[in-house]
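**Q** The structure's right below; bear with me while I get my questions together.
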Amino acid sequence: MNANFTEAELAQRRTASRRMAWLIGAVVLAIYIIGFFFKRG
């Protein structure tokens with residue numbers, strides 16, 4: 001594995017991982033809300 005990334009590559013990876021984290025969080029939240037409504041109904 002090559003550990004010496006350039007500054008641009010590092011920034012790109014950080015942005016991608018942040019976007020992925022937001023996406024996962026949104027999916028989890030959506031599933032939680034849907035499950036909550038199904039349990040009440």
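Here's how to read the names in the structure tokens: chain A, B, ... by the order shown, residue numbers from 1 in each chain, ligand numbers from 1 in the order shown.
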Run DSSP on the backbone and tell me which residues of chain A come out as alpha helix (DSSP H); list them as a ChimeraX atom specification.
**A** /A:7-40
**Q** Would you write out those residues with C-alpha atoms, as a compact mmCIF listing (two decimals), in the first residue's frame?
**A**
```txt
# COMPACT_ATOMS: atom_id res chain seq x y z
CA GLU A 7 -2.06 16.92 -0.94
CA ALA A 8 -4.74 16.92 -3.66
CA GLU A 9 -5.28 13.17 -3.32
CA LEU A 10 -5.61 13.49 0.44
CA ALA A 11 -8.17 16.27 0.12
CA GLN A 12 -10.13 14.26 -2.44
CA ARG A 13 -10.16 11.19 -0.20
CA ARG A 14 -11.26 13.27 2.79
CA THR A 15 -14.13 14.78 0.79
CA ALA A 16 -15.18 11.36 -0.52
CA SER A 17 -15.15 9.76 2.93
CA ARG A 18 -17.10 12.68 4.41
CA ARG A 19 -19.71 12.36 1.65
CA MET A 20 -19.88 8.60 2.28
CA ALA A 21 -20.34 9.21 6.03
CA TRP A 22 -23.20 11.66 5.36
CA LEU A 23 -24.80 9.18 2.96
CA ILE A 24 -24.61 6.32 5.47
CA GLY A 25 -25.98 8.57 8.21
CA ALA A 26 -28.91 9.64 6.02
CA VAL A 27 -29.73 6.01 5.12
CA VAL A 28 -29.60 4.94 8.78
CA LEU A 29 -31.81 7.85 9.77
CA ALA A 30 -34.32 7.04 7.00
CA ILE A 31 -34.48 3.38 8.06
CA TYR A 32 -34.94 4.43 11.69
CA ILE A 33 -37.80 6.82 10.84
CA ILE A 34 -39.52 4.25 8.57
CA GLY A 35 -39.20 1.57 11.25
CA PHE A 36 -40.61 3.98 13.82
CA PHE A 37 -43.71 4.61 11.68
CA PHE A 38 -44.16 0.90 10.97
CA LYS A 39 -44.01 0.10 14.69
CA ARG A 40 -46.64 2.75 15.50
```
